[in-house]
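Data file: work.cif. Format and content: mmCIF, C-alpha atoms.
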data_entry
loop_
_atom_site.label_atom_id
_atom_site.label_comp_id
_atom_site.auth_asym_id
_atom_site.auth_seq_id
_atom_site.Cartn_x
_atom_site.Cartn_y
_atom_site.Cartn_z
CA MET A 23 -90.16 3.19 29.73
CA SER A 24 -92.47 0.58 28.38
CA VAL A 25 -94.86 -1.60 30.34
CA MET A 26 -93.52 -5.00 29.27
CA LYS A 27 -89.95 -3.98 29.97
CA ARG A 28 -90.77 -2.49 33.35
CA VAL A 29 -92.64 -5.60 34.48
CA SER A 30 -89.71 -7.80 33.45
CA LEU A 31 -87.34 -5.57 35.43
CA ILE A 32 -89.51 -5.90 38.52
CA PHE A 33 -89.27 -9.68 38.26
CA ARG A 34 -85.50 -9.52 37.74
CA ALA A 35 -84.98 -7.17 40.66
CA LYS A 36 -86.70 -9.70 42.86
CA ALA A 37 -84.34 -12.51 41.80
CA ASN A 38 -81.25 -10.32 42.02
CA LYS A 39 -82.11 -9.22 45.53
CA ALA A 40 -82.23 -12.86 46.54
CA LEU A 41 -78.98 -13.74 44.81
CA ASP A 42 -77.18 -10.88 46.55
CA ARG A 43 -78.01 -12.43 49.87
CA MET A 44 -76.37 -15.75 49.08
CA GLU A 45 -72.96 -16.71 50.42
CA ASP A 46 -72.36 -20.22 49.07
CA PRO A 47 -75.00 -20.47 46.35
CA ARG A 48 -74.90 -24.26 46.39
CA GLU A 49 -76.33 -24.39 49.91
CA THR A 50 -79.27 -22.35 48.84
CA LEU A 51 -80.29 -24.74 46.06
CA ASP A 52 -81.89 -27.28 48.39
CA TYR A 53 -83.57 -24.59 50.42
CA SER A 54 -84.95 -22.98 47.28
CA TYR A 55 -86.21 -26.34 46.07
CA GLN A 56 -88.09 -26.87 49.34
CA GLN A 57 -89.74 -23.50 48.93
CA GLN A 58 -90.76 -24.40 45.39
CA VAL A 59 -92.39 -27.60 46.61
CA GLU A 60 -94.28 -25.54 49.20
CA MET A 61 -95.38 -23.18 46.47
CA LEU A 62 -96.71 -26.15 44.51
CA THR A 63 -98.76 -27.22 47.53
CA ARG A 64 -100.12 -23.70 47.77
CA VAL A 65 -101.14 -23.69 44.11
CA ARG A 66 -102.93 -27.02 44.48
CA ARG A 67 -104.75 -25.73 47.54
CA GLY A 68 -105.67 -22.67 45.50
CA VAL A 69 -107.18 -24.88 42.79
CA ALA A 70 -109.19 -26.77 45.44
CA ASP A 71 -110.45 -23.50 46.98
CA VAL A 72 -111.63 -22.19 43.64
CA ALA A 73 -113.35 -25.51 42.93
CA THR A 74 -115.15 -25.32 46.29
CA SER A 75 -116.34 -21.80 45.52
CA ARG A 76 -117.50 -22.88 42.08
CA LYS A 77 -119.52 -25.76 43.53
CA ARG A 78 -121.12 -23.46 46.06
CA VAL A 79 -122.18 -21.06 43.33
CA GLU A 80 -123.54 -24.04 41.41
CA LEU A 81 -125.76 -25.04 44.36
CA GLN A 82 -127.01 -21.49 44.69
CA MET A 83 -127.81 -21.38 41.00
CA ASN A 84 -129.93 -24.52 41.45
CA SER A 85 -131.79 -22.98 44.39
CA LEU A 86 -132.44 -19.77 42.50
CA GLN A 87 -133.60 -21.71 39.45
CA LYS A 88 -136.18 -23.50 41.63
CA GLU A 89 -137.41 -20.16 42.96
CA VAL A 90 -137.72 -18.83 39.41
CA THR A 91 -139.79 -21.86 38.40
CA ARG A 92 -141.96 -21.49 41.49
CA ARG A 93 -142.76 -17.87 40.62
CA GLU A 94 -143.62 -18.88 37.07
CA ASN A 95 -146.04 -21.53 38.34
CA GLN A 96 -147.56 -18.99 40.71
CA ALA A 97 -148.12 -16.60 37.82
CA ARG A 98 -149.87 -19.34 35.81
CA ASP A 99 -151.96 -20.33 38.81
CA ALA A 100 -152.96 -16.72 39.40
CA LEU A 101 -153.93 -16.19 35.74
CA SER A 102 -156.04 -19.34 35.70
CA LYS A 103 -157.91 -17.89 38.68
CA GLY A 104 -158.43 -14.63 36.89
CA ARG A 105 -156.02 -12.67 39.07
CA GLU A 106 -153.84 -10.84 36.57
CA ASP A 107 -152.57 -8.49 39.28
CA LEU A 108 -151.11 -11.40 41.24
CA ALA A 109 -149.68 -12.97 38.09
CA ARG A 110 -147.94 -9.67 37.34
CA ALA A 111 -146.46 -9.47 40.83
CA ALA A 112 -145.21 -13.05 40.58
CA LEU A 113 -143.58 -12.34 37.23
CA GLN A 114 -141.94 -9.22 38.63
CA ASN A 115 -140.42 -11.33 41.38
CA LYS A 116 -139.35 -13.86 38.83
CA ALA A 117 -137.55 -11.17 36.82
CA SER A 118 -135.58 -10.03 39.89
CA LEU A 119 -134.62 -13.60 40.71
CA GLN A 120 -133.65 -14.23 37.12
CA GLY A 121 -131.35 -11.20 37.32
CA GLN A 122 -129.59 -12.67 40.34
CA LEU A 123 -129.36 -16.01 38.60
CA ASN A 124 -127.75 -14.45 35.52
CA ASP A 125 -125.29 -12.68 37.78
CA LEU A 126 -124.35 -15.99 39.41
CA GLN A 127 -123.93 -17.61 36.02
CA GLY A 128 -121.40 -14.93 35.14
CA GLN A 129 -119.51 -15.54 38.38
CA TYR A 130 -119.61 -19.26 37.74
CA ALA A 131 -117.95 -18.82 34.36
CA GLN A 132 -115.25 -16.64 35.92
CA LEU A 133 -114.52 -19.23 38.59
CA GLN A 134 -114.33 -21.98 36.00
CA ASP A 135 -111.83 -19.87 34.09
CA GLN A 136 -109.73 -19.27 37.21
CA GLU A 137 -109.78 -22.95 38.03
CA GLU A 138 -108.56 -23.92 34.58
CA LYS A 139 -105.81 -21.32 34.58
CA LEU A 140 -104.59 -22.26 38.02
CA THR A 141 -104.60 -25.95 37.13
CA LEU A 142 -102.42 -25.18 34.12
CA ALA A 143 -100.15 -22.96 36.23
CA SER A 144 -99.73 -25.79 38.71
CA GLN A 145 -98.79 -28.22 35.93
CA ARG A 146 -96.30 -25.74 34.50
CA LEU A 147 -94.69 -25.09 37.87
CA GLN A 148 -94.53 -28.83 38.55
CA ALA A 149 -92.59 -29.38 35.33
CA LYS A 150 -90.30 -26.46 36.10
CA VAL A 151 -89.65 -27.63 39.67
CA ASP A 152 -88.85 -31.14 38.42
CA ALA A 153 -86.37 -29.65 35.97
CA PHE A 154 -84.89 -27.49 38.73
CA ARG A 155 -84.34 -30.56 40.93
CA THR A 156 -82.35 -32.29 38.18
CA LYS A 157 -80.37 -29.16 37.47
CA LYS A 158 -79.46 -28.51 41.09
CA GLU A 159 -78.11 -32.04 41.53
CA THR A 160 -76.00 -31.63 38.41
CA ILE A 161 -74.67 -28.29 39.61
CA LYS A 162 -73.87 -29.60 43.06
CA ALA A 163 -72.07 -32.67 41.72
CA THR A 164 -70.08 -31.08 38.93
CA TYR A 165 -68.97 -27.62 39.84
CA THR A 166 -67.01 -25.82 42.53
CA ALA A 167 -68.73 -22.96 44.31
CA ALA A 168 -67.15 -20.42 41.99
CA GLU A 169 -67.97 -22.36 38.84
CA ALA A 170 -71.47 -23.05 40.03
CA GLN A 171 -72.26 -19.36 40.51
CA THR A 172 -73.24 -18.57 36.93
CA ARG A 173 -75.32 -21.71 36.48
CA ILE A 174 -77.07 -21.21 39.78
CA ASN A 175 -77.84 -17.62 38.86
CA GLU A 176 -79.46 -18.79 35.63
CA ALA A 177 -81.49 -21.51 37.27
CA PHE A 178 -82.43 -19.30 40.15
CA THR A 179 -83.61 -16.29 38.16
CA GLY A 180 -85.47 -18.62 35.81
CA ILE A 181 -87.35 -20.38 38.59
CA SER A 182 -87.84 -17.12 40.45
CA GLU A 183 -89.69 -15.64 37.47
CA GLU A 184 -91.90 -18.71 37.24
CA MET A 185 -92.63 -18.56 40.97
CA GLY A 186 -93.46 -14.86 40.72
CA ASP A 187 -95.85 -15.58 37.84
CA VAL A 188 -97.59 -18.37 39.75
CA GLY A 189 -97.57 -16.29 42.94
CA LEU A 190 -99.44 -13.50 41.15
CA ALA A 191 -101.86 -16.00 39.62
CA ILE A 192 -102.67 -17.47 43.04
CA GLN A 193 -103.15 -14.05 44.55
CA ARG A 194 -105.62 -13.13 41.82
CA ALA A 195 -107.49 -16.39 42.30
CA GLU A 196 -107.60 -15.86 46.06
CA ASP A 197 -108.92 -12.32 45.64
CA LYS A 198 -111.60 -13.52 43.24
CA THR A 199 -112.57 -16.41 45.49
CA ALA A 200 -112.81 -14.10 48.52
CA GLN A 201 -115.13 -11.75 46.61
CA MET A 202 -117.31 -14.63 45.47
CA GLN A 203 -117.46 -16.12 48.95
CA ALA A 204 -118.63 -12.87 50.45
CA ARG A 205 -121.42 -12.63 47.90
CA ALA A 206 -122.21 -16.33 48.10
CA GLY A 207 -122.45 -16.05 51.89
CA ALA A 208 -124.96 -13.24 51.59
CA ILE A 209 -127.11 -15.18 49.10
CA ASP A 210 -126.89 -18.35 51.23
CA GLU A 211 -128.22 -16.42 54.20
CA LEU A 212 -131.02 -14.93 52.17
CA LEU A 213 -132.01 -18.31 50.75
CA ALA A 214 -131.85 -19.96 54.18
CA SER A 215 -133.94 -17.31 55.94
CA GLY A 216 -136.51 -17.25 53.16
CA ALA A 217 -135.96 -13.51 53.09
CA LEU A 218 -134.87 -13.66 49.47
CA GLU A 219 -138.51 -13.32 48.46
CA ASP A 220 -139.01 -10.21 50.57
CA HIS A 221 -135.62 -8.88 49.62
CA VAL A 222 -136.29 -9.33 45.95
CA GLY A 223 -139.91 -8.37 45.53
CA GLY A 224 -141.42 -7.82 48.93
CA GLN A 225 -144.67 -9.34 47.69
CA GLN A 226 -144.07 -13.04 47.47
CA ASP A 227 -145.78 -13.94 50.72
CA GLN A 228 -148.83 -11.90 49.82
CA ILE A 229 -148.99 -13.53 46.39
CA GLN A 230 -148.94 -17.02 47.85
CA ALA A 231 -151.32 -16.04 50.63
CA GLU A 232 -153.79 -14.57 48.16
CA LEU A 233 -153.47 -17.55 45.84
CA ASP A 234 -154.07 -19.86 48.77
CA ALA A 235 -157.08 -17.78 49.76
CA ILE A 236 -158.44 -17.97 46.21
CA GLY A 237 -157.83 -21.72 46.29
CA ALA A 238 -159.69 -22.11 49.57
CA GLY A 239 -162.40 -19.68 48.43
CA SER A 240 -163.09 -21.60 45.25
CA ASP A 241 -163.41 -24.84 47.19
CA ILE A 242 -166.01 -23.21 49.38
CA ASP A 243 -167.79 -21.79 46.33
CA ARG A 244 -167.89 -25.25 44.79
CA GLU A 245 -169.33 -26.77 47.92
CA LEU A 246 -171.91 -24.02 48.17
CA ALA A 247 -172.89 -24.48 44.54
CA GLN A 248 -173.28 -28.20 45.08
CA MET A 249 -175.50 -27.64 48.08
CA LYS A 250 -177.61 -25.08 46.28
CA GLY A 251 -178.06 -27.57 43.47
CA GLU A 252 -179.23 -30.24 45.85
CA LEU A 253 -181.53 -27.87 47.66
CA SER A 254 -183.18 -26.62 44.47
CA ALA A 255 -183.72 -30.22 43.31
CA ASN A 256 -185.70 -30.95 46.46
CA ALA A 257 -187.52 -27.63 46.73
CA PRO A 258 -190.32 -28.23 44.08
CA ARG A 259 -191.41 -31.42 45.82
CA GLN A 260 -191.60 -29.68 49.17
CA ILE A 261 -193.76 -26.94 47.65
CA GLU A 262 -195.87 -29.60 46.02
CA ALA A 263 -196.23 -31.35 49.33
CA ASN A 264 -197.32 -28.15 51.07
CA ALA A 265 -199.84 -27.41 48.27
CA ASN A 266 -201.62 -30.74 48.86
CA GLY A 267 -202.91 -29.40 52.17
CA GLU A 268 -203.75 -31.26 55.37
CA SER A 269 -205.78 -33.99 53.70
CA GLY A 270 -202.87 -34.94 51.56
CA THR A 271 -200.28 -34.91 54.27
CA ALA A 272 -200.40 -38.58 55.00
CA GLU A 273 -200.29 -39.41 51.32
CA ALA A 274 -197.45 -36.98 50.70
CA THR A 275 -195.55 -38.39 53.64
CA GLY A 276 -196.16 -41.79 52.28
CA THR A 277 -194.98 -41.08 48.74
CA GLN A 278 -191.96 -39.15 49.92
CA GLY A 279 -191.09 -41.61 52.61
CA ALA A 280 -188.11 -42.99 50.76
CA GLU A 281 -186.58 -39.57 50.33
CA GLN A 282 -187.28 -38.30 53.82
CA PRO A 283 -183.94 -39.27 55.33
CA ARG A 284 -182.07 -37.27 52.67
CA ALA A 285 -184.35 -34.29 53.02
CA ALA A 286 -183.75 -34.40 56.73
CA GLU A 287 -180.01 -34.60 56.37
CA GLN A 288 -179.64 -31.61 54.13
CA PRO A 289 -180.61 -28.82 56.50
CA GLN A 290 -178.26 -30.29 59.05
CA ALA A 291 -175.37 -30.30 56.60
CA GLY A 292 -176.26 -26.74 55.71
CA ASP A 293 -176.28 -25.68 59.34
CA GLY A 294 -172.99 -27.27 59.89
CA SER A 295 -171.09 -25.56 57.09
CA MET B 199 -85.90 -12.58 22.62
CA ILE B 200 -87.79 -14.22 25.49
CA VAL B 201 -91.30 -13.02 26.29
CA ARG B 202 -93.42 -14.19 29.20
CA ILE B 203 -97.19 -13.92 29.23
CA LEU B 204 -98.22 -13.98 32.89
CA GLY B 205 -100.29 -17.05 33.59
CA GLU B 206 -99.11 -18.77 30.40
CA GLY B 207 -95.33 -19.10 30.52
CA GLN B 208 -92.39 -18.12 28.33
CA PHE B 209 -92.07 -17.88 24.54
CA ARG B 210 -89.09 -17.30 22.27
CA VAL B 211 -89.68 -14.77 19.47
CA ASP B 212 -87.50 -13.57 16.58
CA ASP B 213 -86.30 -10.01 15.99
CA GLU B 214 -89.12 -9.14 13.63
CA VAL B 215 -91.75 -10.07 16.20
CA ALA B 216 -89.72 -8.33 18.91
CA ALA B 217 -89.87 -5.09 16.89
CA LYS B 218 -93.64 -5.38 16.50
CA LEU B 219 -93.93 -6.03 20.22
CA THR B 220 -91.90 -2.94 21.02
CA ALA B 221 -94.34 -0.89 18.92
CA LEU B 222 -97.30 -2.42 20.73
CA ASP B 223 -95.58 -1.76 24.04
CA THR B 224 -95.72 1.95 23.26
CA ASP B 225 -99.50 1.66 22.82
CA LEU B 226 -99.72 -0.28 26.05
CA ASP B 227 -97.75 2.36 27.88
CA ALA B 228 -99.90 5.18 26.52
CA ALA B 229 -103.07 3.28 27.47
CA VAL B 230 -101.85 2.77 31.05
CA ASP B 231 -100.78 6.42 31.33
CA SER B 232 -104.10 7.73 30.05
CA ASP B 233 -106.12 5.14 32.00
CA ASN B 234 -107.71 3.97 28.75
CA GLU B 235 -109.05 0.49 29.50
CA GLN B 236 -110.26 -0.16 25.97
CA ALA B 237 -106.97 0.77 24.31
CA PHE B 238 -105.13 -1.25 26.96
CA LYS B 239 -107.18 -4.38 26.23
CA ALA B 240 -106.70 -3.94 22.49
CA ALA B 241 -102.91 -3.54 22.73
CA LEU B 242 -102.56 -6.35 25.26
CA GLY B 243 -104.70 -8.69 23.16
CA ALA B 244 -102.72 -7.89 20.01
CA ALA B 245 -99.37 -8.40 21.76
CA GLN B 246 -100.46 -11.72 23.26
CA ARG B 247 -101.82 -13.02 19.97
CA LEU B 248 -98.58 -12.09 18.27
CA VAL B 249 -96.49 -13.93 20.86
CA ARG B 250 -98.68 -17.04 20.89
CA GLU B 251 -98.88 -17.26 17.11
CA SER B 252 -95.32 -16.33 16.16
CA GLY B 253 -93.37 -17.51 19.18
CA THR B 254 -92.25 -20.95 20.31
CA ARG B 255 -92.65 -22.18 23.87
CA VAL B 256 -89.51 -22.27 26.01
CA PRO B 257 -89.05 -25.88 27.21
CA ASP B 258 -89.45 -26.57 30.95
CA GLU B 259 -85.82 -27.69 31.32
CA GLU B 260 -84.56 -24.35 30.10
CA PHE B 261 -84.03 -21.66 32.75
CA VAL B 262 -84.03 -18.24 31.14
CA THR B 263 -85.31 -14.81 32.12
CA ALA B 264 -87.78 -12.87 30.03
CA ASP B 265 -86.87 -9.58 28.32
CA TYR B 266 -90.53 -8.63 28.13
CA ILE B 267 -93.32 -9.67 30.48
CA LEU B 268 -96.91 -9.24 29.34
CA PRO B 269 -99.67 -8.89 31.96
CA PHE B 270 -102.40 -11.52 32.48
CA THR B 271 -104.91 -11.90 29.66
CA ASP B 272 -107.72 -10.39 31.76
CA ALA B 273 -105.56 -7.79 33.51
CA THR B 274 -106.90 -4.27 34.04
CA VAL B 275 -105.12 -0.92 33.86
CA ALA B 276 -105.51 -0.53 37.63
CA GLU B 277 -103.85 -3.87 38.23
CA VAL B 278 -100.87 -3.06 36.01
CA ARG B 279 -100.51 0.39 37.56
CA LYS B 280 -100.41 -1.19 40.98
CA LEU B 281 -97.77 -3.72 39.96
CA LEU B 282 -95.61 -1.00 38.41
CA ALA B 283 -96.03 1.31 41.39
CA ASP B 284 -95.46 -1.25 44.16
CA GLY B 285 -92.92 -3.37 42.33
CA MET B 286 -94.15 -6.13 44.61
CA ILE B 287 -94.63 -9.67 43.50
CA PRO B 288 -96.35 -12.07 45.85
CA GLY B 289 -94.09 -14.93 46.84
CA ASP B 290 -91.14 -12.59 47.34
CA SER B 291 -90.13 -14.70 50.30
CA ILE B 292 -90.59 -17.96 48.44
CA GLY B 293 -87.56 -19.64 46.95
CA LEU B 294 -85.29 -17.14 48.63
CA PRO B 295 -82.73 -17.91 51.29
#

Kindly present the structure from the file in structure tokens form.
Amino acid sequence: MSVMKRVSLIFRAKANKALDRMEDPRETLDYSYQQQVEMLTRVRRGVADVATSRKRVELQMNSLQKEVTRRENQARDALSKGREDLARAALQNKASLQGQLNDLQGQYAQLQDQEEKLTLASQRLQAKVDAFRTKKETIKATYTAAEAQTRINEAFTGISEEMGDVGLAIQRAEDKTAQMQARAGAIDELLASGALEDHVGGQQDQIQAELDAIGAGSDIDRELAQMKGELSANAPRQIEANANGESGTAEATGTQGAEQPRAAEQPQAGDGS
Amino acid sequence: MIVRILGEGQFRVDDEVAAKLTALDTDLDAAVDSDNEQAFKAALGAAQRLVRESGTRVPDEEFVTADYILPFTDATVAEVRKLLADGMIPGDSIGLP
């Protein structure tokens, strides 16, 4: 037998099983209505749950995006310092992170889709439940138990099919949300512990450490260069002063008097560094 | 004939569309039997398009049961197999005395 037919029979069997259990069908109308209202609450809660999951994924996407940008900046920084090896490592990390980000974007789209569908399902069920309420009051007011039977059967199987549809939709949404939450939980933990870097590339800390070392190293180089420059500017005069011999010492001291404090400071600064 | 698309609601279709659907249902059945996901998606998509384009929505006030029920738009073969095998619909206890 065909798929569409078989599925419809499964839905009908469900309604028929329920109808068989009824004694006075009219008494069951109110009870059934209560259950429908509960189902509506469940659908709305389902929509809220999916929305929460979607927002969580959104936050994670933002965090991952920041990490991606950070790696890109690291790569640029490394290249500007002539460290292509570090730039390459940073870009490799970035690629892994980008992969995770793309994955999350796919999940985000799926959750959005679920949310929309469930919202529509909730609106549809609401309309159907409202119609059922009107119908049940009419049936109760107008017909005897025997007369009511056929009309109740119609209303009941109709609403039962709708409830089954929505029930399946919620179950799917719940399954999807549970899957996402498990994955989201794992990524949250990784992001929080800072282990994402190690998990993804295993080299992030070294990259930053090396870049920091290069940064510190170049500062020291600059300072050294500055000092060398200052030293070499003073050096010719000191040689000149020595060349003038003992007789010229007083004169040399005299002419260089103004600069003496600076000349005296420099060796000290050099010793200190 | 009344057709329900799970997740979308009920539609009323004429005999001509019903005949086309029956033909597509054979494809659907074969795809589920042979576990052919691609063929399943193609047949399901075609059947749903046909119903949406040629059918009219059943109003909310009308309580009727569907002759055909089409799976969810993004359903998989495994999901349909499970539904057919278990015959279980969540919410079995809901709305029942």

request  = Define the interface residues of chain A facing chain B as those within 8 Å, counting only C-alpha atoms, and report them as a ChimeraX atom specification.
outcome  = /A:23-30,32-34,36,40,43-44,50,53-58,61,139,143,146,149-150,153-154,176-191,193

message = Take the PyMOL selection byres ((chain A and resi 131) around 12), run it mentally on this structure, and tell me the resulting residues as an NGL selection string.
response = :A and (72-73 or 75-77 or 79-80 or 124-130 or 132-138 or 202)

Now that the selection is made, can you save its residues with C-alpha atoms as an mmCIF file, in the frame of the given file?
data_model
loop_
_atom_site.group_PDB
_atom_site.id
_atom_site.type_symbol
_atom_site.label_atom_id
_atom_site.label_comp_id
_atom_site.auth_asym_id
_atom_site.auth_seq_id
_atom_site.Cartn_x
_atom_site.Cartn_y
_atom_site.Cartn_z
ATOM 1 C CA VAL A 72 -111.630 -22.190 43.640
ATOM 2 C CA ALA A 73 -113.350 -25.510 42.930
ATOM 3 C CA SER A 75 -116.340 -21.800 45.520
ATOM 4 C CA ARG A 76 -117.500 -22.880 42.080
ATOM 5 C CA LYS A 77 -119.520 -25.760 43.530
ATOM 6 C CA VAL A 79 -122.180 -21.060 43.330
ATOM 7 C CA GLU A 80 -123.540 -24.040 41.410
ATOM 8 C CA ASN A 124 -127.750 -14.450 35.520
ATOM 9 C CA ASP A 125 -125.290 -12.680 37.780
ATOM 10 C CA LEU A 126 -124.350 -15.990 39.410
ATOM 11 C CA GLN A 127 -123.930 -17.610 36.020
ATOM 12 C CA GLY A 128 -121.400 -14.930 35.140
ATOM 13 C CA GLN A 129 -119.510 -15.540 38.380
ATOM 14 C CA TYR A 130 -119.610 -19.260 37.740
ATOM 15 C CA GLN A 132 -115.250 -16.640 35.920
ATOM 16 C CA LEU A 133 -114.520 -19.230 38.590
ATOM 17 C CA GLN A 134 -114.330 -21.980 36.000
ATOM 18 C CA ASP A 135 -111.830 -19.870 34.090
ATOM 19 C CA GLN A 136 -109.730 -19.270 37.210
ATOM 20 C CA GLU A 137 -109.780 -22.950 38.030
ATOM 21 C CA GLU A 138 -108.560 -23.920 34.580
ATOM 22 C CA MET A 202 -117.310 -14.630 45.470
#

key: Distance of CA of Leu108 in chain A from CA of Gln96 in chain A, expressed in Å to one decimal place   =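 Computing it gives 8.4 Å between the two atoms.
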
Length of the CA of Asn95 in chain A to CA of Gln230 in chain A vector [Å] = 10.9 Å

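In this structure, CA of Asp213 in chain B sits 27.5 Å away from CA of Val275 in chain B.
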
task = Would you translate the PyMOL selection byres ((chain A and resi 100) around 10) into the concrete set of residues it matches in this file, as a ChimeraX atom specification?
result = /A:94-99,101-112,229-230,232-234,236-237

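Within 8 Å of range 247-254 of chain B, once only C-alpha atoms are used and residues closer than 6 positions along the same chain are dropped, the contacting residues are Val201, Phe209, Arg210, Val211, Asp212, Val215 and Leu219 of chain B.
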
Selection: 8 Å around Lys239 in chain B, only C-alpha atoms, excl. self and same-chain fewer than 4 positions, as a ChimeraX atom specification = /B:235,243,274

Near-Lys158 in chain A list (8 Å; all atoms listed in the file; drop same-chain fewer than 5 positions) as a ChimeraX atom specification = /A:51-52,174

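For the residues A:Gly68, A:Asp46, A:Ala195, A:Glu89, ranking by smallest atom-to-atom distance to Ser118 in chain A using only C-alpha atoms places A:Glu89 first.
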
key: Nearest-residue call for Leu142 in chain A, choices A:Lys39, A:Arg155, A:Lys250, A:Arg66, using only C-alpha atoms   =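 Counting only C-alpha atoms, the residue closest to Leu142 in chain A is A:Arg66.
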
Starting from the incomplete input, reconstruct N, CA and C atoms of range 28-43 of chain A and write that as a JSON list (two decimals), in the coordinates of the input.
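Result went into rebuild.json, see below:
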[["chain", "number", "residue", "atom", "x", "y", "z"],
["A", 28, "ARG", "N", -90.75, -2.82, 31.92],
["A", 28, "ARG", "CA", -90.77, -2.49, 33.35],
["A", 28, "ARG", "C", -91.18, -3.69, 34.19],
["A", 29, "VAL", "N", -92.19, -4.42, 33.71],
["A", 29, "VAL", "CA", -92.64, -5.60, 34.48],
["A", 29, "VAL", "C", -91.51, -6.62, 34.55],
["A", 30, "SER", "N", -90.80, -6.81, 33.44],
["A", 30, "SER", "CA", -89.71, -7.80, 33.45],
["A", 30, "SER", "C", -88.61, -7.36, 34.41],
["A", 31, "LEU", "N", -88.37, -6.07, 34.51],
["A", 31, "LEU", "CA", -87.34, -5.57, 35.43],
["A", 31, "LEU", "C", -87.75, -5.78, 36.89],
["A", 32, "ILE", "N", -89.03, -5.66, 37.15],
["A", 32, "ILE", "CA", -89.51, -5.90, 38.52],
["A", 32, "ILE", "C", -89.24, -7.35, 38.91],
["A", 33, "PHE", "N", -89.51, -8.26, 37.99],
["A", 33, "PHE", "CA", -89.27, -9.68, 38.26],
["A", 33, "PHE", "C", -87.78, -9.94, 38.46],
["A", 34, "ARG", "N", -86.95, -9.30, 37.64],
["A", 34, "ARG", "CA", -85.50, -9.52, 37.74],
["A", 34, "ARG", "C", -84.95, -8.96, 39.04],
["A", 35, "ALA", "N", -85.46, -7.81, 39.42],
["A", 35, "ALA", "CA", -84.98, -7.17, 40.66],
["A", 35, "ALA", "C", -85.22, -8.10, 41.83],
["A", 36, "LYS", "N", -86.35, -8.79, 41.79],
["A", 36, "LYS", "CA", -86.70, -9.70, 42.86],
["A", 36, "LYS", "C", -85.66, -10.82, 42.96],
["A", 37, "ALA", "N", -85.31, -11.41, 41.81],
["A", 37, "ALA", "CA", -84.34, -12.51, 41.80],
["A", 37, "ALA", "C", -82.95, -12.02, 42.21],
["A", 38, "ASN", "N", -82.59, -10.84, 41.72],
["A", 38, "ASN", "CA", -81.25, -10.32, 42.02],
["A", 38, "ASN", "C", -81.08, -10.03, 43.52],
["A", 39, "LYS", "N", -82.15, -9.52, 44.10],
["A", 39, "LYS", "CA", -82.11, -9.22, 45.53],
["A", 39, "LYS", "C", -81.81, -10.50, 46.31],
["A", 40, "ALA", "N", -82.43, -11.58, 45.87],
["A", 40, "ALA", "CA", -82.23, -12.86, 46.54],
["A", 40, "ALA", "C", -80.81, -13.37, 46.33],
["A", 41, "LEU", "N", -80.33, -13.24, 45.11],
["A", 41, "LEU", "CA", -78.98, -13.74, 44.81],
["A", 41, "LEU", "C", -77.91, -12.99, 45.60],
["A", 42, "ASP", "N", -78.14, -11.69, 45.80],
["A", 42, "ASP", "CA", -77.18, -10.88, 46.55],
["A", 42, "ASP", "C", -77.00, -11.37, 47.97],
["A", 43, "ARG", "N", -78.05, -12.00, 48.48],
["A", 43, "ARG", "CA", -78.01, -12.43, 49.87],
["A", 43, "ARG", "C", -77.27, -13.75, 50.06]]
